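Text of the file query.cif, holding mmCIF, C-alpha atoms:
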```
data_start
loop_
_atom_site.label_atom_id
_atom_site.label_comp_id
_atom_site.auth_asym_id
_atom_site.auth_seq_id
_atom_site.Cartn_x
_atom_site.Cartn_y
_atom_site.Cartn_z
CA MET A 1 0.00 0.00 0.00
CA ILE A 2 1.33 3.43 -0.94
CA ASP A 3 1.52 5.68 2.10
CA SER A 4 -0.67 8.72 1.52
CA PRO A 5 0.75 12.14 2.42
CA ASP A 6 -2.73 13.14 3.58
CA PRO A 7 -3.24 12.20 7.27
CA LEU A 8 -7.03 12.12 6.85
CA ALA A 9 -6.67 9.59 4.03
CA ARG A 10 -4.59 7.40 6.35
CA ILE A 11 -7.19 7.77 9.11
CA ARG A 12 -9.96 6.73 6.72
CA GLU A 13 -7.99 3.65 5.67
CA ARG A 14 -7.40 2.60 9.25
CA VAL A 15 -10.81 3.63 10.66
CA PRO A 16 -13.59 3.68 8.04
CA PRO A 17 -15.94 6.64 8.56
CA PRO A 18 -19.67 6.09 9.12
CA ALA A 19 -22.16 6.03 6.27
CA GLU A 20 -23.63 9.25 7.69
CA ALA A 21 -21.69 11.79 9.73
CA VAL A 22 -23.96 12.85 12.60
CA ASN A 23 -23.80 16.63 13.11
CA GLY A 24 -21.03 16.69 10.50
CA SER A 25 -22.26 19.28 8.04
CA GLY A 26 -23.56 22.82 8.13
CA ASP A 27 -22.57 26.43 7.59
CA TRP A 28 -18.90 26.67 8.53
CA GLY A 29 -18.91 30.42 7.93
CA ALA A 30 -21.68 30.92 10.46
CA ALA A 31 -19.91 28.63 12.93
CA GLU A 32 -16.67 30.59 12.60
CA ARG A 33 -18.49 33.88 13.07
CA MET A 34 -20.13 32.56 16.22
CA LEU A 35 -16.79 31.38 17.59
CA GLY A 36 -15.00 34.53 16.52
CA THR A 37 -12.21 32.77 14.64
CA PRO A 38 -11.51 30.82 11.45
CA LEU A 39 -11.04 27.08 12.00
CA PRO A 40 -8.36 24.77 10.58
CA ASP A 41 -9.32 23.13 7.30
CA ASP A 42 -8.13 19.70 8.44
CA PHE A 43 -10.54 19.78 11.38
CA LYS A 44 -13.42 20.66 9.06
CA ARG A 45 -12.58 17.68 6.86
CA VAL A 46 -12.43 15.33 9.86
CA VAL A 47 -15.83 16.55 11.08
CA GLU A 48 -17.36 16.23 7.61
CA ALA A 49 -16.05 12.65 7.32
CA TYR A 50 -16.86 11.37 10.83
CA GLY A 51 -19.24 13.81 12.53
CA ARG A 52 -20.04 13.51 16.19
CA GLY A 53 -18.88 10.31 17.83
CA ASP A 54 -15.84 8.83 19.51
CA PHE A 55 -12.54 7.39 18.35
CA TRP A 56 -11.22 4.31 20.13
CA GLY A 57 -13.76 4.76 22.92
CA ALA A 58 -11.71 7.68 24.24
CA LEU A 59 -11.98 10.83 22.15
CA CYS A 60 -15.31 12.48 21.28
CA LEU A 61 -15.27 15.07 18.52
CA CYS A 62 -17.02 18.38 19.14
CA THR A 63 -18.84 19.76 16.11
CA PRO A 64 -20.54 23.13 15.67
CA PHE A 65 -23.66 21.62 14.08
CA GLY A 66 -26.90 20.12 15.33
CA ASP A 67 -29.55 21.58 17.63
CA ASP A 68 -29.46 18.43 19.79
CA ASN A 69 -25.66 18.20 19.95
CA PRO A 70 -24.59 17.51 23.56
CA VAL A 71 -20.90 18.23 22.83
CA PRO A 72 -20.95 21.33 20.63
CA LEU A 73 -17.85 23.18 19.52
CA THR A 74 -18.07 26.30 21.68
CA ALA A 75 -15.70 28.88 23.10
CA ASP A 76 -16.71 28.33 26.73
CA LEU A 77 -13.46 27.46 28.50
CA LEU A 78 -12.89 31.00 29.75
CA GLU A 79 -16.44 31.21 31.10
CA ASP A 80 -16.22 27.79 32.74
CA PHE A 81 -12.69 27.95 34.13
CA GLY A 82 -11.85 31.65 34.37
CA PRO A 83 -13.20 31.97 37.94
CA LEU A 84 -11.15 28.95 39.05
CA ARG A 85 -8.05 30.42 37.43
CA ASP A 86 -8.51 33.56 39.50
CA HIS A 87 -8.00 31.43 42.63
CA TRP A 88 -5.34 29.01 41.32
CA PRO A 89 -3.49 30.77 38.50
CA GLU A 90 -0.53 28.36 38.71
CA GLN A 91 -2.79 25.57 37.41
CA TYR A 92 -3.55 27.44 34.19
CA PRO A 93 -0.33 28.01 32.25
CA TYR A 94 -2.17 28.79 28.99
CA PRO A 95 -4.63 31.56 28.17
CA LEU A 96 -8.23 30.51 27.52
CA PHE A 97 -9.91 31.45 24.26
CA PRO A 98 -11.08 34.09 23.33
CA GLU A 99 -8.04 35.46 25.11
CA PRO A 100 -5.22 35.90 22.56
CA GLY A 101 -3.44 32.60 21.97
CA GLY A 102 -5.92 30.80 24.24
CA LEU A 103 -7.00 27.17 24.41
CA LEU A 104 -10.07 26.24 22.35
CA ALA A 105 -11.43 22.70 22.84
CA TRP A 106 -12.18 20.58 19.76
CA ALA A 107 -12.72 17.22 21.51
CA VAL A 108 -13.42 15.83 24.99
CA THR A 109 -13.16 12.49 26.75
CA ASP A 110 -15.60 10.73 29.07
CA ILE A 111 -13.40 11.60 32.05
CA GLY A 112 -13.39 15.34 31.35
CA THR A 113 -10.10 15.73 29.50
CA HIS A 114 -10.11 18.47 26.87
CA LEU A 115 -8.23 18.29 23.59
CA CYS A 116 -7.57 21.86 22.56
CA TRP A 117 -5.97 24.03 19.96
CA LEU A 118 -3.45 26.54 21.16
CA THR A 119 -4.72 29.38 19.00
CA VAL A 120 -1.36 31.00 18.26
CA GLY A 121 -0.73 32.13 14.69
CA PRO A 122 -2.78 31.05 11.66
CA PRO A 123 -5.26 28.19 12.22
CA ALA A 124 -3.33 25.81 9.95
CA SER A 125 -0.41 25.94 12.41
CA TRP A 126 -2.33 25.59 15.69
CA PRO A 127 -0.79 22.83 17.87
CA VAL A 128 -2.80 20.43 20.03
CA VAL A 129 -2.76 20.68 23.82
CA ILE A 130 -4.30 17.94 25.97
CA TRP A 131 -5.62 19.30 29.26
CA SER A 132 -6.67 16.80 31.93
CA ARG A 133 -9.03 17.23 34.88
CA ASP A 134 -5.97 17.13 37.13
CA ASP A 135 -4.62 20.19 35.30
CA ASP A 136 -1.86 18.25 33.59
CA TYR A 137 -0.95 19.32 30.07
CA GLU A 138 0.70 17.79 27.01
CA ARG A 139 1.53 19.71 23.84
CA PHE A 140 1.85 18.16 20.38
CA ASP A 141 2.95 20.19 17.39
CA HIS A 142 0.40 18.61 15.05
CA GLY A 143 -2.88 19.71 13.57
CA VAL A 144 -6.02 17.70 14.37
CA ALA A 145 -5.76 15.29 11.43
CA ALA A 146 -2.06 14.63 11.93
CA PHE A 147 -2.59 14.20 15.68
CA LEU A 148 -5.39 11.65 15.12
CA ASP A 149 -3.32 9.85 12.50
CA GLU A 150 -0.34 9.54 14.85
CA TRP A 151 -2.47 8.52 17.82
CA LEU A 152 -4.64 5.97 16.00
CA SER A 153 -1.55 4.40 14.43
CA GLY A 154 0.13 4.01 17.82
CA ARG A 155 3.03 6.28 16.89
CA LEU A 156 1.96 8.96 19.36
CA THR A 157 1.96 8.20 23.06
CA SER A 158 0.23 10.22 25.71
CA GLU A 159 -0.06 9.94 29.47
CA LEU A 160 -3.38 11.80 29.34
CA LEU A 161 -5.17 10.13 26.42
CA HIS A 162 -5.34 6.38 26.74
CA ALA A 163 -6.19 3.60 24.31
CA ASP A 164 -5.58 -0.14 24.18
CA PRO A 165 -2.81 -0.81 21.65
CA ASP A 166 -3.85 -4.47 21.46
CA ILE A 167 -7.24 -3.55 19.95
CA ALA A 168 -7.62 -2.08 16.47
CA PRO A 169 -8.89 1.52 16.59
CA TRP A 170 -12.51 2.28 15.73
CA PHE A 171 -15.05 5.09 15.48
CA ASP A 172 -18.52 4.89 17.02
CA THR A 173 -20.92 7.39 15.51
CA ALA A 174 -23.26 9.13 17.93
CA VAL A 175 -26.64 7.52 17.25
CA ASP A 176 -29.48 6.77 19.63
CA ARG A 177 -29.43 3.19 20.85
CA ASP A 178 -31.80 1.06 22.86
CA HIS A 179 -30.09 -0.90 25.64
CA ILE A 180 -31.34 -4.34 26.66
CA TYR A 181 -29.98 -6.36 29.59
CA LEU A 182 -30.56 -10.12 29.39
CA GLN A 183 -30.04 -12.21 32.52
CA LEU A 184 -29.09 -15.75 31.49
CA ASP A 185 -28.80 -19.16 33.04
CA GLU A 186 -25.38 -20.75 32.83
CA GLY A 187 -26.05 -23.53 30.35
CA PRO A 188 -23.82 -26.60 29.99
CA LEU A 189 -20.78 -25.01 28.32
CA PRO A 190 -17.83 -23.12 29.86
CA TYR A 191 -17.68 -19.36 29.44
CA PRO A 192 -14.99 -19.26 26.69
CA GLU A 193 -16.98 -21.69 24.56
CA ARG A 194 -20.20 -19.73 25.10
CA LEU A 195 -18.42 -16.53 24.06
CA ARG A 196 -16.98 -18.17 20.95
CA ILE A 197 -20.41 -19.42 19.87
CA LEU A 198 -22.01 -16.03 20.58
CA ARG A 199 -19.52 -14.12 18.46
CA GLU A 200 -19.55 -16.72 15.70
CA ALA A 201 -23.35 -16.63 15.50
CA LEU A 202 -23.47 -12.84 15.34
CA GLY A 203 -20.29 -12.43 13.29
CA PRO A 204 -18.32 -10.95 11.95
CA THR A 205 -17.48 -9.08 15.15
CA ALA A 206 -14.68 -6.81 16.34
CA ASP A 207 -13.06 -6.59 19.77
CA ARG A 208 -13.76 -3.64 22.04
CA GLY A 209 -11.79 -4.89 25.03
CA SER A 210 -12.17 -7.37 27.87
CA TYR A 211 -11.75 -7.44 31.64
CA GLU A 212 -11.10 -10.29 34.05
CA HIS A 213 -10.81 -10.12 37.82
CA GLN A 214 -11.08 -12.81 40.49
CA GLY A 215 -12.90 -15.19 38.20
CA SER A 216 -15.35 -12.64 36.81
CA ARG A 217 -15.12 -11.56 33.20
CA GLN A 218 -16.44 -8.98 30.75
CA ASP A 219 -16.01 -9.11 26.99
CA HIS A 220 -16.99 -6.14 24.81
CA PHE A 221 -17.44 -6.40 21.06
CA VAL A 222 -19.45 -5.01 18.15
CA VAL A 223 -21.17 -6.62 15.23
CA THR A 224 -19.20 -5.38 12.25
CA GLY A 225 -21.15 -3.27 9.79
CA THR A 226 -23.94 -2.44 12.25
CA GLU A 227 -24.29 -0.16 15.24
CA TRP A 228 -24.80 -3.14 17.61
CA GLN A 229 -22.63 -3.08 20.73
CA LEU A 230 -22.51 -6.07 23.10
CA THR A 231 -21.04 -6.90 26.49
CA TYR A 232 -21.05 -10.53 27.61
CA GLU A 233 -20.13 -10.95 31.25
CA THR A 234 -20.23 -12.67 34.60
CA THR A 235 -19.12 -9.60 36.59
CA TYR A 236 -22.69 -8.60 37.48
CA GLY A 237 -24.23 -12.03 37.11
CA HIS A 238 -24.34 -14.02 33.89
CA GLN A 239 -25.76 -11.52 31.44
CA LEU A 240 -25.60 -10.10 27.94
CA ARG A 241 -25.98 -6.38 27.32
CA VAL A 242 -27.04 -5.37 23.83
CA ALA A 243 -27.21 -1.83 22.42
CA PHE A 244 -28.60 -1.17 18.94
CA PRO A 245 -30.45 1.47 16.92
CA PRO A 246 -34.20 1.22 17.64
CA ALA A 247 -34.95 0.41 13.99
CA ASP A 248 -32.89 -2.79 14.36
CA SER A 249 -34.88 -4.08 17.34
CA ALA A 250 -36.54 -7.07 15.63
CA ARG A 251 -33.41 -8.07 13.71
CA ALA A 252 -31.16 -7.79 16.76
CA ARG A 253 -33.63 -9.73 18.93
CA ASP A 254 -33.85 -12.60 16.44
CA ALA A 255 -30.08 -12.77 15.94
CA VAL A 256 -29.33 -12.73 19.68
CA ARG A 257 -31.99 -15.32 20.47
CA THR A 258 -30.55 -17.64 17.80
CA ALA A 259 -27.07 -17.18 19.28
CA LEU A 260 -28.29 -17.90 22.82
CA ASP A 261 -30.03 -21.07 21.64
CA ARG A 262 -26.73 -22.27 20.18
CA MET A 263 -24.98 -21.45 23.46
CA GLY A 264 -27.57 -23.41 25.44
CA CYS A 265 -28.38 -20.37 27.61
CA ALA A 266 -31.99 -19.51 28.42
CA VAL A 267 -33.09 -15.94 29.13
CA GLN A 268 -34.25 -15.61 32.73
CA SER A 269 -35.24 -11.95 32.49
CA ALA A 270 -34.94 -9.02 30.11
CA SER A 271 -34.98 -5.35 30.99
CA THR A 272 -34.82 -2.18 28.92
CA ILE A 273 -32.35 0.24 30.48
CA HIS A 274 -32.62 2.93 27.82
CA GLY A 275 -35.02 3.13 24.90
CA THR A 276 -38.40 1.63 24.01
CA SER A 277 -37.56 -1.84 22.67
CA SER A 278 -38.79 -4.82 24.67
CA TRP A 279 -37.61 -8.44 24.36
CA THR A 280 -39.98 -9.96 26.90
#
```
What's the structure tokens form of this structure?
Amino acid sequence: MIDSPDPLARIRERVPPPAEAVNGSGDWGAAERMLGTPLPDDFKRVVEAYGRGDFWGALCLCTPFGDDNPVPLTADLLEDFGPLRDHWPEQYPYPLFPEPGGLLAWAVTDIGTHLCWLTVGPPASWPVVIWSRDDDYERFDHGVAAFLDEWLSGRLTSELLHADPDIAPWFDTAVDRDHIYLQLDEGPLPYPERLRILREALGPTADRGSYEHQGSRQDHFVVTGTEWQLTYETTYGHQLRVAFPPADSARARDAVRTALDRMGCAVQSASTIHGTSSWT
């Protein structure tokens, strides 16, 4: 494969973008006027390709589009953190946008870490600064696309932005999902064999990590080509958690029931944690 000089092209090869980029398109001119600054072209291209969602389960893109967008691209760091900086200025070594050369967040993590531009010079040259909740900072002299390319390829290491190098990177688009919890009986087979049958019946699947502690286990995976996310576990009892777009309810139910039959595991109870689908 010929290595592309375009970091976004390399990202797309490694992590295919979704069929539809949620909150990924709109009036960039209006967005820039609202923010009070032009934005880097590479960021616009990333947003247009991927939209709102998260990379590798760790980094959620902020976009300036969508009335229902819970993580909008806004210039609110000064408003949110300026009063704290007044009390602890030593914890804030960088200005906060719209202060000149201030930090402007373009992505967040689920633990409150901000990925920011340091808005010094023209937008095409803005470096990336990672700012953690513990007020630790890391600076990378890359634009957004180059930063994502380096991070997703494993060439960039960070103490503040974690990912599992043993699992191929992915992107989960931000779509509504129903969440069903199925409590199961044990069945006659050992856990590893049950997991193998489950993934084979639903396959192809892709790893999203696993956890094992004192005999309890969780295995996370997705059904490739769909928005179905599954966790099979014994950590909180023997159960299967399934998340899927509501329109897929009947198809997901039939596929999971077929898989459970092959595993020899009967459903003892089913509960809807989020959404309207019911499997009872």
With only C-alpha atoms as the atoms that count, which of A:Ser153, A:Trp28, A:Val120, A:Glu13 lies nearest to Pro100 of chain A?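 Of the candidates, the smallest distance to Pro100 of chain A is held by A:Val120.
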Quick one: everything within 10 Å of segment 80-93 of chain A, counting all atoms listed in the file, minus sequence neighbours fewer than 2 positions away in the same chain. Send it as a short mmCIF file (atom, residue, chain, number, x, y, z; two decimals) with C-alpha atoms, in the frame of the given file.
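Wrote selection29.cif, looks like this:
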```
data_model
loop_
_atom_site.label_atom_id
_atom_site.label_comp_id
_atom_site.auth_asym_id
_atom_site.auth_seq_id
_atom_site.Cartn_x
_atom_site.Cartn_y
_atom_site.Cartn_z
CA ALA A 75 -15.70 28.88 23.10
CA ASP A 76 -16.71 28.33 26.73
CA LEU A 77 -13.46 27.46 28.50
CA LEU A 78 -12.89 31.00 29.75
CA PRO A 95 -4.63 31.56 28.17
CA LEU A 96 -8.23 30.51 27.52
CA TRP A 131 -5.62 19.30 29.26
CA ASP A 134 -5.97 17.13 37.13
CA ASP A 135 -4.62 20.19 35.30
CA ASP A 136 -1.86 18.25 33.59
CA TYR A 137 -0.95 19.32 30.07
#
```
Can you write out as a Markdown table which residues of segment 167-217 of chain A fall within 12 Å of segment 256-266 of chain A, alongside each residue's closest atom pair and its distance in Å to one decimal, counting only C-alpha atoms and ordering rows by chain and ascending residue number?
```
| residue | atom | partner | partner_atom | distance |
| --- | --- | --- | --- | --- |
| A:Ile180 | CA | A:Val256 | CA | 11.1 |
| A:Tyr181 | CA | A:Val256 | CA | 11.8 |
| A:Leu182 | CA | A:Ala266 | CA | 9.5 |
| A:Gln183 | CA | A:Ala266 | CA | 8.6 |
| A:Leu184 | CA | A:Ala266 | CA | 5.7 |
| A:Asp185 | CA | A:Cys265 | CA | 5.6 |
| A:Glu186 | CA | A:Cys265 | CA | 6.0 |
| A:Gly187 | CA | A:Cys265 | CA | 4.8 |
| A:Pro188 | CA | A:Gly264 | CA | 6.7 |
| A:Leu189 | CA | A:Met263 | CA | 7.3 |
| A:Pro190 | CA | A:Met263 | CA | 9.7 |
| A:Tyr191 | CA | A:Met263 | CA | 9.7 |
| A:Pro192 | CA | A:Met263 | CA | 10.7 |
| A:Glu193 | CA | A:Met263 | CA | 8.1 |
| A:Arg194 | CA | A:Met263 | CA | 5.3 |
| A:Leu195 | CA | A:Met263 | CA | 8.2 |
| A:Arg196 | CA | A:Met263 | CA | 9.0 |
| A:Ile197 | CA | A:Met263 | CA | 6.2 |
| A:Leu198 | CA | A:Ala259 | CA | 5.3 |
| A:Arg199 | CA | A:Ala259 | CA | 8.2 |
| A:Glu200 | CA | A:Ala259 | CA | 8.3 |
| A:Ala201 | CA | A:Ala259 | CA | 5.3 |
| A:Leu202 | CA | A:Ala259 | CA | 6.9 |
| A:Gly203 | CA | A:Ala259 | CA | 10.2 |
```
Can you pull out the residues contacting Pro16 of chain A? Cut-off 12 Å, using only C-alpha atoms, and skip same-chain residues under 6 positions away; I want them as a list in words.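 Listing them by chain and then by number gives Leu8, Ala9, Arg10, Val46, Ala49, Tyr50, Phe55, Ala168, Pro169, Trp170, Phe171, Asp172, Thr173, Thr224 and Gly225 of chain A.
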Contacts of segment 211-221 of chain A at 9 Å (only C-alpha atoms; same-chain gap of 3+ positions) as a PyMOL selection string: chain A and resi 195+199+205-208+228-237
Name the residues that the PyMOL selection byres ((chain A and resi 118) around 7) pulls out of this structure, and write them as a ChimeraX atom specification. /A:101-104,116-117,119-120,126-129
One residue among A:Gly121, A:Glu150, A:Glu20, A:Leu115 is nearest to Glu138 of chain A when using only C-alpha atoms, and that residue is A:Leu115
How many Å lie between atom CA of Pro5 of chain A and atom CA of Arg45 of chain A, rounded to one decimal? 15.1 Å
